>>> print(open('target.txt').read())   # compact mmCIF, C-alpha atoms
# COMPACT_ATOMS: atom_id res chain seq x y z
CA MET A 1 0.00 0.00 0.00
CA LYS A 2 2.78 2.43 0.91
CA SER A 3 4.60 1.76 -2.36
CA LYS A 4 1.40 2.59 -4.27
CA ILE A 5 1.10 5.91 -2.42
CA PHE A 6 4.77 6.72 -3.14
CA THR A 7 4.32 5.84 -6.84
CA LEU A 8 1.22 8.04 -7.00
CA PHE A 9 3.18 10.93 -5.38
CA ILE A 10 5.94 10.63 -8.01
CA LEU A 11 3.45 10.48 -10.90
CA LEU A 12 1.59 13.55 -9.65
CA ALA A 13 4.84 15.46 -9.19
CA PHE A 14 5.92 14.66 -12.75
CA GLY A 15 2.42 15.41 -14.06
CA GLY A 16 2.79 19.03 -12.97
CA PHE A 17 5.99 19.30 -15.02
CA ALA A 18 4.54 17.66 -18.16
CA LYS A 19 3.35 20.94 -19.67
CA SER A 20 6.73 22.65 -19.73
CA GLN A 21 10.11 21.84 -21.21
CA LEU A 22 12.36 20.33 -18.54
CA THR A 23 16.10 20.17 -18.29
CA MET A 24 17.55 17.08 -16.63
CA HIS A 25 20.94 16.72 -14.92
CA LYS A 26 22.52 13.53 -13.55
CA PHE A 27 24.40 13.35 -10.25
CA ILE A 28 26.45 10.80 -8.34
CA THR A 29 25.83 11.10 -4.60
CA VAL A 30 27.91 10.20 -1.57
CA GLY A 31 26.95 10.98 1.98
CA TYR A 32 26.23 10.15 5.58
CA VAL A 33 22.84 9.18 7.02
CA TYR A 34 21.95 8.90 10.71
CA GLN A 35 18.73 6.99 11.35
CA ASN A 36 19.11 5.57 14.86
CA GLN A 37 22.32 4.13 13.39
CA SER A 38 25.11 5.54 11.17
CA PHE A 39 25.19 4.67 7.47
CA GLY A 40 27.33 5.65 4.50
CA GLU A 41 25.41 6.40 1.30
CA VAL A 42 26.34 5.91 -2.37
CA GLY A 43 23.93 6.40 -5.27
CA GLY A 44 22.62 8.63 -8.00
CA LYS A 45 20.05 11.39 -8.52
CA LEU A 46 18.26 13.04 -11.40
CA LEU A 47 17.54 16.78 -11.19
CA PHE A 48 14.64 18.23 -13.19
CA LEU A 49 14.14 21.96 -13.66
CA ASN A 50 12.20 24.43 -15.76
CA ASN A 51 13.75 27.50 -14.09
CA ASP A 52 16.05 28.01 -11.12
CA ASP A 53 13.27 28.78 -8.62
CA VAL A 54 11.87 25.26 -8.11
CA LEU A 55 13.90 22.12 -8.77
CA PHE A 56 12.78 18.51 -8.42
CA ARG A 57 15.14 15.61 -7.65
CA VAL A 58 14.63 11.88 -7.48
CA GLY A 59 17.28 9.42 -6.45
CA ALA A 60 18.17 5.91 -5.50
CA SER A 61 21.08 4.82 -3.35
CA ALA A 62 22.44 2.14 -1.05
CA LEU A 63 22.90 2.72 2.68
CA MET A 64 25.78 0.73 4.17
CA GLY A 65 26.64 0.43 7.83
CA SER A 66 26.87 -1.73 10.90
CA ALA A 67 23.85 -2.52 13.06
CA ASN A 68 24.29 -4.69 16.17
CA ASN A 69 27.87 -5.45 15.07
CA LYS A 70 26.75 -6.88 11.71
CA PHE A 71 27.30 -5.23 8.31
CA ALA A 72 24.06 -4.28 6.54
CA ILE A 73 23.04 -2.78 3.20
CA MET A 74 19.66 -1.12 2.60
CA PRO A 75 18.18 0.32 -0.61
CA LYS A 76 16.88 3.90 -0.41
CA VAL A 77 14.76 6.06 -2.71
CA ASN A 78 14.16 9.77 -2.23
CA ALA A 79 12.35 12.71 -3.78
CA ASP A 80 13.08 16.38 -3.04
CA PHE A 81 11.87 19.82 -4.01
CA LEU A 82 14.54 22.55 -3.88
CA LEU A 83 13.03 26.02 -3.44
CA ASN A 84 14.52 29.51 -3.85
CA PHE A 85 12.32 32.43 -4.85
CA GLN A 86 14.91 35.18 -4.26
CA LYS A 87 15.17 37.72 -7.06
CA ASN A 88 17.85 40.32 -7.87
CA VAL A 89 20.64 38.92 -5.72
CA ASP A 90 24.35 39.15 -6.55
CA PHE A 91 25.11 35.44 -6.35
CA TYR A 92 21.96 34.08 -7.99
CA HIS A 93 20.45 31.04 -6.29
CA ALA A 94 23.43 30.05 -4.20
CA HIS A 95 21.20 28.30 -1.66
CA TYR A 96 17.96 26.34 -1.71
CA PHE A 97 15.52 25.13 0.92
CA ILE A 98 14.77 21.41 0.63
CA LEU A 99 11.45 19.68 1.27
CA GLY A 100 11.26 15.97 0.58
CA ALA A 101 11.07 12.40 1.77
CA GLU A 102 13.13 9.25 1.70
CA ALA A 103 12.06 5.64 2.02
CA THR A 104 13.79 2.31 2.58
CA ASN A 105 12.43 -1.14 3.26
CA LYS A 106 12.83 -0.36 7.00
CA TYR A 107 11.67 3.27 7.44
CA VAL A 108 10.04 6.32 5.78
CA ALA A 109 11.29 9.82 6.66
CA PRO A 110 9.91 13.21 5.62
CA LYS A 111 12.69 15.80 5.72
CA ALA A 112 13.53 19.48 5.40
CA GLY A 113 16.86 21.19 5.05
CA PHE A 114 19.26 23.43 3.21
CA SER A 115 21.34 23.02 0.05
CA LEU A 116 24.31 25.05 -1.14
CA PHE A 117 24.34 25.27 -4.97
CA GLY A 118 22.31 22.04 -5.06
CA ILE A 119 25.60 20.23 -4.41
CA LEU A 120 26.01 20.17 -0.60
CA ASP A 121 22.83 19.11 1.23
CA LEU A 122 22.09 19.05 4.94
CA THR A 123 18.64 17.75 5.87
CA GLY A 124 16.85 16.50 8.92
CA GLY A 125 13.55 14.89 9.74
CA TYR A 126 11.91 12.04 11.60
CA GLY A 127 11.99 8.40 10.50
CA PHE A 128 8.89 6.28 10.94
CA SER A 129 9.56 2.56 11.19
CA VAL A 130 7.98 0.37 8.52
CA ASP A 131 9.46 -2.90 9.75
CA LYS A 132 9.35 -3.44 13.53
CA GLU A 133 12.19 -6.00 13.31
CA GLY A 134 14.44 -3.31 11.85
CA ILE A 135 17.87 -4.14 10.53
CA ASN A 136 19.82 -6.89 12.32
CA GLY A 137 17.30 -6.62 15.16
CA LYS A 138 17.54 -2.82 15.57
CA GLU A 139 14.39 -0.83 14.76
CA LEU A 140 15.07 2.30 12.70
CA LYS A 141 12.90 5.15 13.95
CA GLY A 142 13.48 8.61 15.37
CA LEU A 143 15.79 11.45 14.39
CA ASN A 144 16.94 11.39 10.76
CA VAL A 145 19.96 13.47 9.64
CA ASN A 146 21.52 13.46 6.15
CA PHE A 147 24.67 15.09 4.79
CA THR A 148 25.06 14.53 1.04
CA ILE A 149 27.46 15.66 -1.67
CA ASN A 150 25.92 15.62 -5.16
CA ILE A 151 28.58 15.45 -7.89
CA PRO A 152 27.26 16.45 -11.35
CA LEU A 153 28.31 13.95 -14.04
CA VAL A 154 29.17 16.91 -16.29
CA LEU A 155 32.15 17.63 -14.02
CA LEU A 156 33.46 14.09 -14.46
CA ASN A 157 33.56 14.24 -18.28
>>> encode(input="target.txt", output="structure tokens")
Amino acid sequence: MKSKIFTLFILLAFGGFAKSQLTMHKFITVGYVYQNQSFGEVGGKLLFLNNDDVLFRVGASALMGSANNKFAIMPKVNADFLLNFQKNVDFYHAHYFILGAEATNKYVAPKAGFSLFGILDLTGGYGFSVDKEGINGKELKGLNVNFTINIPLVLLN
């Protein structure tokens, strides 16, 4: 049921963009996630934009870490809106406010935060447990903190 709601959310978000011409950029992401346990993150994101005021990102990644002294890997998907409605500033759109959510097979976490140039992200939220058994016996719920570096693939060419 939750996957159907998430799919519907993504379709509705893209439906709003269908009328305008979108630009898409690809990113490789590396980062740190704290969700009642520390995890390293490696993955990719797609950034969609019509102008620089509202950006939409979707991504998939793998969370890797140790829970109860056992190594664990979890898949993660996320969707974010980056917002900046500032006009007539010297350094145009240097920062964005982030509203989004992330989901794994163990928890779902709405989040809010701050992004510098869309490259350095710092977000926080609250994780709601989906699986009471958690990962290696540890339930993942509570404070959620993310620090992510998004590397545009254009820079690697």
>>> residues_around(input="target.txt", residues="Gly40 (chain A)", least_positions_apart="5", cutoff="10 Å", atoms="all atoms listed in the file", output="PyMOL selection string")
chain A and resi 30-34+62-66+73+146-148
>>> write_last_selection(input="target.txt", atoms="C-alpha atoms", output="PDB file, in the coordinates of the input")
ATOM      1  CA  VAL A  30      27.910  10.200  -1.570  1.00  0.00           C
ATOM      2  CA  GLY A  31      26.950  10.980   1.980  1.00  0.00           C
ATOM      3  CA  TYR A  32      26.230  10.150   5.580  1.00  0.00           C
ATOM      4  CA  VAL A  33      22.840   9.180   7.020  1.00  0.00           C
ATOM      5  CA  TYR A  34      21.950   8.900  10.710  1.00  0.00           C
ATOM      6  CA  ALA A  62      22.440   2.140  -1.050  1.00  0.00           C
ATOM      7  CA  LEU A  63      22.900   2.720   2.680  1.00  0.00           C
ATOM      8  CA  MET A  64      25.780   0.730   4.170  1.00  0.00           C
ATOM      9  CA  GLY A  65      26.640   0.430   7.830  1.00  0.00           C
ATOM     10  CA  SER A  66      26.870  -1.730  10.900  1.00  0.00           C
ATOM     11  CA  ILE A  73      23.040  -2.780   3.200  1.00  0.00           C
ATOM     12  CA  ASN A 146      21.520  13.460   6.150  1.00  0.00           C
ATOM     13  CA  PHE A 147      24.670  15.090   4.790  1.00  0.00           C
ATOM     14  CA  THR A 148      25.060  14.530   1.040  1.00  0.00           C
TER      15      THR A 148
END
>>> residues_around(input="target.txt", residues="Gly59 (chain A)", least_positions_apart="4", cutoff="7 Å", atoms="only C-alpha atoms", output="list in words")
Gly44, Lys45, Leu46, Val77, Asn78 and Ala79 of chain A
>>> atom_distance(input="target.txt", atom1="CA of Met24 (chain A)", atom2="CA of Gly43 (chain A)")
16.8 Å
>>> closest_residue(input="target.txt", among="A:Ile151, A:Leu116, A:Leu83, A:Val58", to="Phe27 (chain A)", atoms="all atoms listed in the file")
A:Ile151
>>> closest_residue(input="target.txt", among="A:Lys76, A:Arg57, A:Lys111, A:His25", to="Tyr126 (chain A)", atoms="all atoms listed in the file")
A:Lys111
>>> atom_distance(input="target.txt", atom1="CA of Lys132 (chain A)", atom2="CA of Phe81 (chain A)")
29.2 Å
>>> atom_distance(input="target.txt", atom1="CA of Asp80 (chain A)", atom2="CA of Glu102 (chain A)")
8.6 Å
>>> closest_residue(input="target.txt", among="A:Ser115, A:Gln86, A:Asn69, A:Asn144", to="Ala101 (chain A)", atoms="all atoms listed in the file")
A:Asn144
>>> residues_around(input="target.txt", residues="Leu140 (chain A)", least_positions_apart="6", cutoff="10 Å", atoms="all atoms listed in the file", output="list of chain:residue names")
A:Tyr34, A:Gln35, A:Asn36, A:Gln37, A:Lys106, A:Tyr107, A:Val108, A:Gly127, A:Phe128, A:Ser129, A:Val130, A:Asp131, A:Lys132, A:Glu133, A:Gly134
>>> build_atoms(input="target.txt", residues="region 110-133 of chain A", atoms="N, CA, C and O atoms", output="compact mmCIF listing (two decimals), in the frame of the given file")
# COMPACT_ATOMS: atom_id res chain seq x y z
N PRO A 110 10.03 11.88 6.21
CA PRO A 110 9.91 13.21 5.62
C PRO A 110 11.07 14.06 6.14
O PRO A 110 11.55 13.85 7.25
N LYS A 111 11.52 15.02 5.31
CA LYS A 111 12.69 15.80 5.72
C LYS A 111 12.62 17.22 5.19
O LYS A 111 11.91 17.51 4.23
N ALA A 112 13.38 18.09 5.81
CA ALA A 112 13.53 19.48 5.40
C ALA A 112 14.99 19.85 5.64
O ALA A 112 15.65 19.27 6.49
N GLY A 113 15.47 20.82 4.86
CA GLY A 113 16.86 21.19 5.05
C GLY A 113 17.31 22.31 4.16
O GLY A 113 16.50 23.13 3.70
N PHE A 114 18.60 22.33 3.89
CA PHE A 114 19.26 23.43 3.21
C PHE A 114 20.27 22.84 2.22
O PHE A 114 20.91 21.84 2.51
N SER A 115 20.38 23.47 1.05
CA SER A 115 21.34 23.02 0.05
C SER A 115 22.14 24.22 -0.46
O SER A 115 21.59 25.28 -0.71
N LEU A 116 23.43 24.02 -0.60
CA LEU A 116 24.31 25.05 -1.14
C LEU A 116 24.63 24.67 -2.58
O LEU A 116 25.24 23.62 -2.83
N PHE A 117 24.17 25.48 -3.53
CA PHE A 117 24.34 25.27 -4.97
C PHE A 117 23.69 23.98 -5.46
O PHE A 117 23.98 23.53 -6.57
N GLY A 118 22.87 23.33 -4.67
CA GLY A 118 22.31 22.04 -5.06
C GLY A 118 23.34 20.92 -5.00
O GLY A 118 23.07 19.81 -5.41
N ILE A 119 24.52 21.22 -4.46
CA ILE A 119 25.60 20.23 -4.41
C ILE A 119 25.81 19.71 -2.99
O ILE A 119 25.93 18.51 -2.79
N LEU A 120 25.86 20.59 -2.00
CA LEU A 120 26.01 20.17 -0.60
C LEU A 120 24.66 20.27 0.09
O LEU A 120 24.08 21.35 0.18
N ASP A 121 24.15 19.15 0.58
CA ASP A 121 22.83 19.11 1.23
C ASP A 121 22.97 18.73 2.70
O ASP A 121 23.72 17.82 3.04
N LEU A 122 22.21 19.41 3.54
CA LEU A 122 22.09 19.05 4.94
C LEU A 122 20.60 19.04 5.26
O LEU A 122 19.94 20.09 5.15
N THR A 123 20.07 17.87 5.60
CA THR A 123 18.64 17.75 5.87
C THR A 123 18.42 17.00 7.17
O THR A 123 19.28 16.26 7.64
N GLY A 124 17.25 17.20 7.72
CA GLY A 124 16.85 16.50 8.92
C GLY A 124 15.37 16.23 8.91
O GLY A 124 14.61 16.89 8.21
N GLY A 125 14.95 15.24 9.66
CA GLY A 125 13.55 14.89 9.74
C GLY A 125 13.33 13.84 10.80
O GLY A 125 14.13 13.68 11.73
N TYR A 126 12.25 13.10 10.65
CA TYR A 126 11.91 12.04 11.60
C TYR A 126 11.58 10.78 10.82
O TYR A 126 10.77 10.81 9.90
N GLY A 127 12.22 9.67 11.17
CA GLY A 127 11.99 8.40 10.50
C GLY A 127 10.92 7.59 11.21
O GLY A 127 10.96 7.41 12.42
N PHE A 128 9.95 7.13 10.43
CA PHE A 128 8.89 6.28 10.94
C PHE A 128 9.18 4.85 10.51
O PHE A 128 9.34 4.57 9.33
N SER A 129 9.23 3.95 11.46
CA SER A 129 9.56 2.56 11.19
C SER A 129 8.48 1.88 10.36
O SER A 129 7.29 2.01 10.65
N VAL A 130 8.89 1.15 9.35
CA VAL A 130 7.98 0.37 8.52
C VAL A 130 8.04 -1.09 8.95
O VAL A 130 7.06 -1.81 8.91
N ASP A 131 9.21 -1.52 9.36
CA ASP A 131 9.46 -2.90 9.75
C ASP A 131 9.89 -2.91 11.22
O ASP A 131 10.97 -2.43 11.56
N LYS A 132 9.06 -3.45 12.09
CA LYS A 132 9.35 -3.44 13.53
C LYS A 132 10.60 -4.25 13.88
O LYS A 132 11.23 -4.01 14.90
N GLU A 133 10.97 -5.22 13.05
CA GLU A 133 12.19 -6.00 13.31
C GLU A 133 13.44 -5.17 13.03
O GLU A 133 14.50 -5.44 13.57
